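Q: Provided below: structure_31.txt, containing compact mmCIF, C-alpha atoms and all ligand atoms.
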```txt
# COMPACT_ATOMS: atom_id res chain seq x y z
CA MET U 1 87.97 94.64 122.94
CA GLN U 2 90.78 92.17 122.52
CA ILE U 3 91.62 90.70 119.11
CA ALA U 4 94.15 87.85 119.01
CA ILE U 5 95.87 86.93 115.76
CA ASP U 6 98.11 83.89 115.48
CA GLY U 7 99.76 82.02 112.65
CA PRO U 8 103.13 80.96 111.24
CA ALA U 9 105.78 83.29 109.81
CA GLY U 10 104.70 84.90 106.56
CA SER U 11 101.00 84.11 106.95
CA GLY U 12 100.04 87.80 106.71
CA LYS U 13 99.38 88.43 110.42
CA THR U 14 101.12 91.78 110.61
CA SER U 15 99.31 93.32 107.64
CA VAL U 16 95.95 92.07 108.88
CA ALA U 17 96.67 93.17 112.46
CA ARG U 18 97.59 96.65 111.24
CA ALA U 19 94.39 96.96 109.23
CA LEU U 20 92.21 95.77 112.12
CA ALA U 21 93.91 98.09 114.62
CA LYS U 22 93.23 101.04 112.32
CA ARG U 23 89.66 100.04 111.55
CA PHE U 24 88.62 99.36 115.16
CA GLY U 25 90.81 101.96 116.89
CA CYS U 26 92.91 99.47 118.84
CA LEU U 27 96.49 99.49 120.03
CA LEU U 28 98.58 97.19 117.83
CA VAL U 29 100.99 94.87 119.64
CA ASN U 30 103.33 92.79 117.49
CA THR U 31 104.68 90.24 119.97
CA GLY U 32 107.16 88.87 117.41
CA ALA U 33 108.87 92.27 117.51
CA MET U 34 109.19 91.86 121.29
CA TYR U 35 110.91 88.46 120.89
CA ARG U 36 113.15 89.99 118.24
CA ALA U 37 114.15 92.90 120.50
CA VAL U 38 114.95 90.50 123.34
CA ALA U 39 117.06 88.39 120.95
CA LEU U 40 118.97 91.54 119.95
CA ALA U 41 119.49 92.53 123.59
CA LEU U 42 120.71 89.07 124.63
CA SER U 43 123.08 88.98 121.64
CA HIS U 44 124.59 92.22 122.98
CA GLY U 45 125.22 90.53 126.31
CA LEU U 46 122.34 92.02 128.31
CA LYS U 47 120.49 89.96 130.90
CA LEU U 48 116.70 89.69 130.87
CA SER U 49 116.54 91.78 134.06
CA GLU U 50 118.38 94.58 132.23
CA ILE U 51 115.94 94.74 129.34
CA GLN U 52 113.30 97.45 129.12
CA LEU U 53 111.05 97.31 126.08
CA GLU U 54 108.65 99.88 124.76
CA ILE U 55 106.39 99.48 121.74
CA ARG U 56 105.09 102.84 120.56
CA PRO U 57 101.70 103.18 118.83
CA ASN U 58 103.57 103.87 115.56
CA GLU U 59 105.10 100.34 115.88
CA ARG U 60 108.59 101.60 116.71
CA VAL U 61 110.34 99.32 119.19
CA PHE U 62 112.58 100.86 121.87
CA LEU U 63 115.14 98.82 123.75
CA ASN U 64 116.41 100.60 126.86
CA GLY U 65 115.43 103.91 125.30
CA GLU U 66 117.00 103.28 121.87
CA ASP U 67 114.90 102.84 118.73
CA VAL U 68 116.04 99.42 117.43
CA THR U 69 113.21 98.83 114.94
CA GLU U 70 115.49 98.80 111.89
CA GLN U 71 117.74 96.15 113.44
CA LEU U 72 115.00 93.60 114.06
CA TYR U 73 114.17 92.30 110.59
CA THR U 74 117.39 90.66 109.39
CA PRO U 75 118.05 86.97 108.64
CA GLU U 76 120.27 86.81 111.78
CA ILE U 77 117.54 88.11 114.10
CA ASP U 78 114.95 85.88 112.35
CA GLU U 79 117.04 82.94 113.52
CA LEU U 80 118.05 84.25 116.96
CA ALA U 81 114.51 85.32 117.88
CA SER U 82 113.21 81.88 116.99
CA GLN U 83 115.85 80.37 119.29
CA VAL U 84 115.31 82.67 122.28
CA ALA U 85 111.53 82.26 121.98
CA ALA U 86 112.04 78.59 122.91
CA ARG U 87 113.39 79.58 126.35
CA SER U 88 110.75 79.48 129.07
CA GLU U 89 112.22 82.38 131.08
CA VAL U 90 112.05 84.60 127.98
CA ARG U 91 108.42 83.63 127.38
CA GLU U 92 107.43 84.30 131.00
CA PHE U 93 109.16 87.69 130.86
CA LEU U 94 107.33 88.75 127.68
CA ILE U 95 103.93 87.16 128.30
CA GLU U 96 103.57 89.13 131.53
CA GLN U 97 104.33 92.39 129.68
CA GLN U 98 101.93 91.47 126.86
CA ARG U 99 99.08 90.90 129.33
CA VAL U 100 99.77 94.25 130.99
CA LEU U 101 99.70 95.96 127.58
CA ALA U 102 96.28 94.46 126.88
CA GLN U 103 94.77 95.37 130.24
CA ASN U 104 91.79 97.72 130.10
CA ARG U 105 92.56 98.60 126.53
CA ASP U 106 91.31 97.82 123.04
CA VAL U 107 94.09 95.84 121.51
CA VAL U 108 95.03 93.80 118.46
CA MET U 109 97.81 91.45 119.47
CA GLU U 110 99.58 89.17 117.01
CA GLY U 111 101.98 86.30 117.54
CA ARG U 112 102.00 82.52 117.95
CA ASP U 113 100.38 81.96 121.36
CA ILE U 114 98.03 84.91 121.77
CA GLY U 115 94.68 83.13 121.54
CA SER U 116 95.97 80.03 123.33
CA VAL U 117 98.10 81.46 126.16
CA VAL U 118 98.44 85.24 126.37
CA LEU U 119 94.79 86.29 125.90
CA PRO U 120 92.74 83.07 126.02
CA ASN U 121 89.56 85.11 126.66
CA ALA U 122 90.05 87.45 123.69
CA ASP U 123 86.79 88.61 122.08
CA VAL U 124 87.98 87.49 118.66
CA LYS U 125 90.62 84.91 117.81
CA LEU U 126 91.93 84.63 114.29
CA TYR U 127 94.39 82.08 112.93
CA LEU U 128 95.99 82.96 109.61
CA ASP U 129 97.59 80.24 107.55
CA ALA U 130 99.13 79.67 104.13
CA SER U 131 101.26 76.99 102.49
CA LEU U 132 105.00 76.99 103.13
CA GLU U 133 105.66 77.82 99.47
CA GLU U 134 103.33 80.81 99.43
CA ARG U 135 104.81 82.15 102.67
CA ALA U 136 108.33 81.73 101.29
CA ARG U 137 107.38 83.69 98.16
CA ARG U 138 106.10 86.57 100.31
CA ARG U 139 109.18 86.52 102.58
CA CYS U 140 111.48 86.71 99.53
CA HIS U 141 110.22 90.22 98.87
CA GLU U 142 111.02 91.22 102.47
CA ARG U 143 114.51 89.65 102.53
CA PRO U 144 115.92 90.62 99.12
CA GLY U 145 119.42 89.28 100.00
CA LEU U 146 118.21 85.67 100.16
CA SER U 147 117.21 83.27 97.38
CA TYR U 148 113.81 81.57 97.34
CA ASP U 149 115.42 78.23 98.31
CA GLU U 150 117.23 79.82 101.26
CA VAL U 151 114.04 81.48 102.49
CA LEU U 152 112.12 78.21 102.07
CA ALA U 153 114.69 76.26 104.09
CA GLN U 154 114.76 78.92 106.85
CA LEU U 155 110.98 79.05 107.07
CA ARG U 156 110.73 75.25 107.27
CA ALA U 157 113.20 75.22 110.17
CA ARG U 158 111.43 78.10 111.92
CA ASP U 159 108.02 76.48 111.48
CA ALA U 160 109.28 73.39 113.27
CA ARG U 161 110.80 75.41 116.12
CA ASP U 162 108.13 78.12 116.43
CA GLY U 163 105.37 75.54 116.78
CA GLN U 164 107.12 73.52 119.45
CA GLY U 165 105.59 73.72 122.90
CA PHE U 166 104.34 76.61 125.03
CA GLY U 167 100.92 76.41 123.39
CA ARG U 168 102.21 77.98 120.19
CA LEU U 169 100.39 77.62 116.88
CA GLN U 170 97.52 75.86 118.67
CA ILE U 171 94.06 76.46 117.30
CA THR U 172 91.75 76.80 120.29
CA PRO U 173 87.91 76.62 120.19
CA ASN U 174 86.12 79.66 118.74
CA THR U 175 89.08 80.52 116.54
CA VAL U 176 88.31 81.71 113.02
CA ILE U 177 90.79 80.13 110.60
CA ILE U 178 91.62 82.25 107.56
CA ARG U 179 93.60 80.64 104.74
CA THR U 180 95.42 83.23 102.70
CA ASP U 181 96.86 81.21 99.79
CA GLY U 182 96.32 82.89 96.44
CA ARG U 183 94.21 85.69 97.92
CA THR U 184 94.75 89.42 97.89
CA LEU U 185 95.49 91.19 101.14
CA ASN U 186 92.31 93.25 100.77
CA ASP U 187 90.24 90.10 100.47
CA VAL U 188 91.82 88.61 103.61
CA ILE U 189 91.38 91.88 105.54
CA ALA U 190 87.70 91.97 104.54
CA GLU U 191 87.20 88.47 105.95
CA ALA U 192 89.01 89.42 109.16
CA ILE U 193 86.86 92.55 109.57
CA GLN U 194 83.73 90.44 109.09
CA ALA U 195 84.90 88.01 111.78
CA VAL U 196 85.46 90.88 114.22
CA GLU U 197 82.08 92.43 113.42
CA ALA U 198 80.35 89.07 113.89
CA ALA U 199 82.02 88.68 117.28
CA LEU U 200 80.97 92.18 118.31
CA GLN U 201 77.39 91.40 117.27
CA ARG U 202 77.41 88.26 119.40
CA ARG U 203 78.74 90.25 122.33
CA SER U 204 76.22 93.03 121.97
CA PRO U 205 73.30 91.93 119.76
CA SER U 206 71.84 95.46 119.69
CA GLY U 207 74.75 96.28 117.43
CA LYS U 208 76.16 98.78 119.90
CA LEU U 209 79.82 98.38 120.48
CA SER U 210 80.69 98.09 124.10
CA GLY U 211 84.17 98.22 125.54
O1 LIG F 1 106.33 86.95 114.11
P1 LIG F 1 107.85 87.05 114.02
O2 LIG F 1 108.43 86.28 112.89
O3 LIG F 1 108.33 88.48 114.01
O4 LIG F 1 108.39 86.37 115.38
C1 LIG F 1 109.76 86.28 115.69
C2 LIG F 1 110.00 84.97 116.45
O5 LIG F 1 109.40 85.01 117.73
C3 LIG F 1 109.43 83.75 115.74
O6 LIG F 1 110.49 82.88 115.38
C4 LIG F 1 108.53 83.07 116.72
C5 LIG F 1 108.67 83.82 118.01
N1 LIG F 1 107.37 84.19 118.59
C6 LIG F 1 106.84 83.37 119.55
O7 LIG F 1 107.41 82.31 119.86
N2 LIG F 1 105.67 83.74 120.17
C7 LIG F 1 105.05 84.86 119.82
N3 LIG F 1 103.91 85.21 120.45
C8 LIG F 1 105.57 85.70 118.82
C9 LIG F 1 106.74 85.32 118.20
```
Spit out the file's structure as structure tokens when you get a sec.
Ligand code: DC

A:
Amino acid sequence: MQIAIDGPAGSGKTSVARALAKRFGCLLVNTGAMYRAVALALSHGLKLSEIQLEIRPNERVFLNGEDVTEQLYTPEIDELASQVAARSEVREFLIEQQRVLAQNRDVVMEGRDIGSVVLPNADVKLYLDASLEERARRRCHERPGLSYDEVLAQLRARDARDGQGFGRLQITPNTVIIRTDGRTLNDVIAEAIQAVEAALQRRSPSGKLSG
């Protein structure tokens, strides 16, 4: 089973992806973390051909054998990752690895182009969305060094860049759109689980899960 989750920064993708992976026994692949690790590597002067990434089931990200997870979620890497993700050679490099990760495996993959480009035939496609202001409020808790206005300005700039080209933030047919404004995480997760169960029912009307 392949579950694709897309949406802008701060829409709640990671929390929902985590919950679905646990509930349905899937490997969780956070593709944003892959773009972040590549941004870190390039900023250290490495070439794409010198980059080896590994995402462990516990979500730790290894770059050439080193656990870099703690270095990926800073305002600097927020910005750099958004910039390197706009380079076609970086996207080709990572999309190929993402497809390999999803091969013959139950997977929940989250990002910006999963349902549209990486796994267009995913069994379930979810698109999470929320207003810019709500997403900025959530991000403020994750980036305590920045003011609300700084986070808002950064998110606005990233929204514009992250949705530009390469099929990103495109809602394709059969995508379930989940708006998360003013809702609790549990409520959103419950809706996402329902969407997955409905898709499984359609795939196997007897109710038996296959694959
Ligand atoms: O989801 P995130 O904020 O951790 O993603 C980091 C950056 O990578 C973000 O600016 C957009 C980019 N990205 C992308 O272009 N395509 C993806 N599938 C995932 C992330």

Q: Contacts between ligand LIG 1 (chain F) and chain U, please, where a residue of chain U counts if it comes within 7 Å (with only C-alpha atoms and all ligand atoms); show its shortest atom pair and distance in Å to one decimal, rows by chain and ascending number, as a tab-separated table.

A:
```
residue	atom	partner	partner_atom	distance
U:Ala9	CA	F:LIG1	O2	5.0
U:Thr31	CA	F:LIG1	C8	4.8
U:Gly32	CA	F:LIG1	O4	3.4
U:Ala33	CA	F:LIG1	O3	5.2
U:Tyr35	CA	F:LIG1	O5	4.9
U:Arg36	CA	F:LIG1	C1	5.6
U:Asp78	CA	F:LIG1	O6	6.2
U:Glu79	CA	F:LIG1	O6	6.8
U:Ala81	CA	F:LIG1	C2	4.7
U:Ser82	CA	F:LIG1	O6	3.3
U:Ala85	CA	F:LIG1	O7	4.6
U:Ala86	CA	F:LIG1	O7	6.7
U:Glu110	CA	F:LIG1	N3	6.8
U:Gly111	CA	F:LIG1	N3	3.7
U:Arg112	CA	F:LIG1	N3	4.1
U:Asp113	CA	F:LIG1	N3	4.9
U:Ile114	CA	F:LIG1	N3	6.0
U:Arg158	CA	F:LIG1	O6	6.0
U:Asp162	CA	F:LIG1	C4	5.0
U:Arg168	CA	F:LIG1	N2	6.7
```

Q: Counting only C-alpha atoms, figure out which residue out of U:Arg202, U:Lys125, U:Lys47, U:Arg56 gets nearest to Val68 in chain U.

A: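 The answer is U:Arg56, which sits nearest to Val68 in chain U.
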
Q: So, counting only C-alpha atoms, which residue among U:Ser88, U:Gln52, U:Asn58, U:Ser43 is closest to Ala21 in chain U?

A: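 Among the listed residues, the smallest separation from Ala21 in chain U belongs to U:Asn58.
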
Q: Write out as an MDAnalysis selection string which residues come within 8 Å of Ile55 in chain U when counting only C-alpha atoms, dropping same-chain ones fewer than 6 positions away.

A: chainID U and resid 29 61:62

Q: Check the smallest atom-to-atom distance from each of U:Asp149, U:Glu54, U:Asp181, U:Asp187 to Glu134 in chain U using only C-alpha atoms, then report the winner.

A: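 Using only C-alpha atoms, the shortest distance to Glu134 in chain U belongs to U:Asp181.
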
Q: Excluding Ile171 in chain U and its own-chain neighbours fewer than 4 positions away, which residues fall within 12 Å of it when counting all atoms listed in the file? Please give them as a list in words.

A: Ala4, Ile5, Asp6, Gly7, Pro8, Arg112, Asp113, Ile114, Gly115, Ser116, Val117, Pro120, Lys125, Leu126, Tyr127, Leu128, Asp129, Gly163, Gly167, Thr175, Val176, Ile177 and Ile178 of chain U

Q: Do you know which residues lie at most 12 Å from (121.7, 90.4, 125.0), with coordinates as in the file and only C-alpha atoms counted, and could you write them as a PyMOL selection string?

A: chain U and resi 35-52+63-64+77+80-81+84+90

Q: Could you check how far CA of Ala136 in chain U sits from CA of Leu155 in chain U, in Å to one decimal?

A: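 We find that CA of Ala136 in chain U and CA of Leu155 in chain U lie 6.9 Å from each other.
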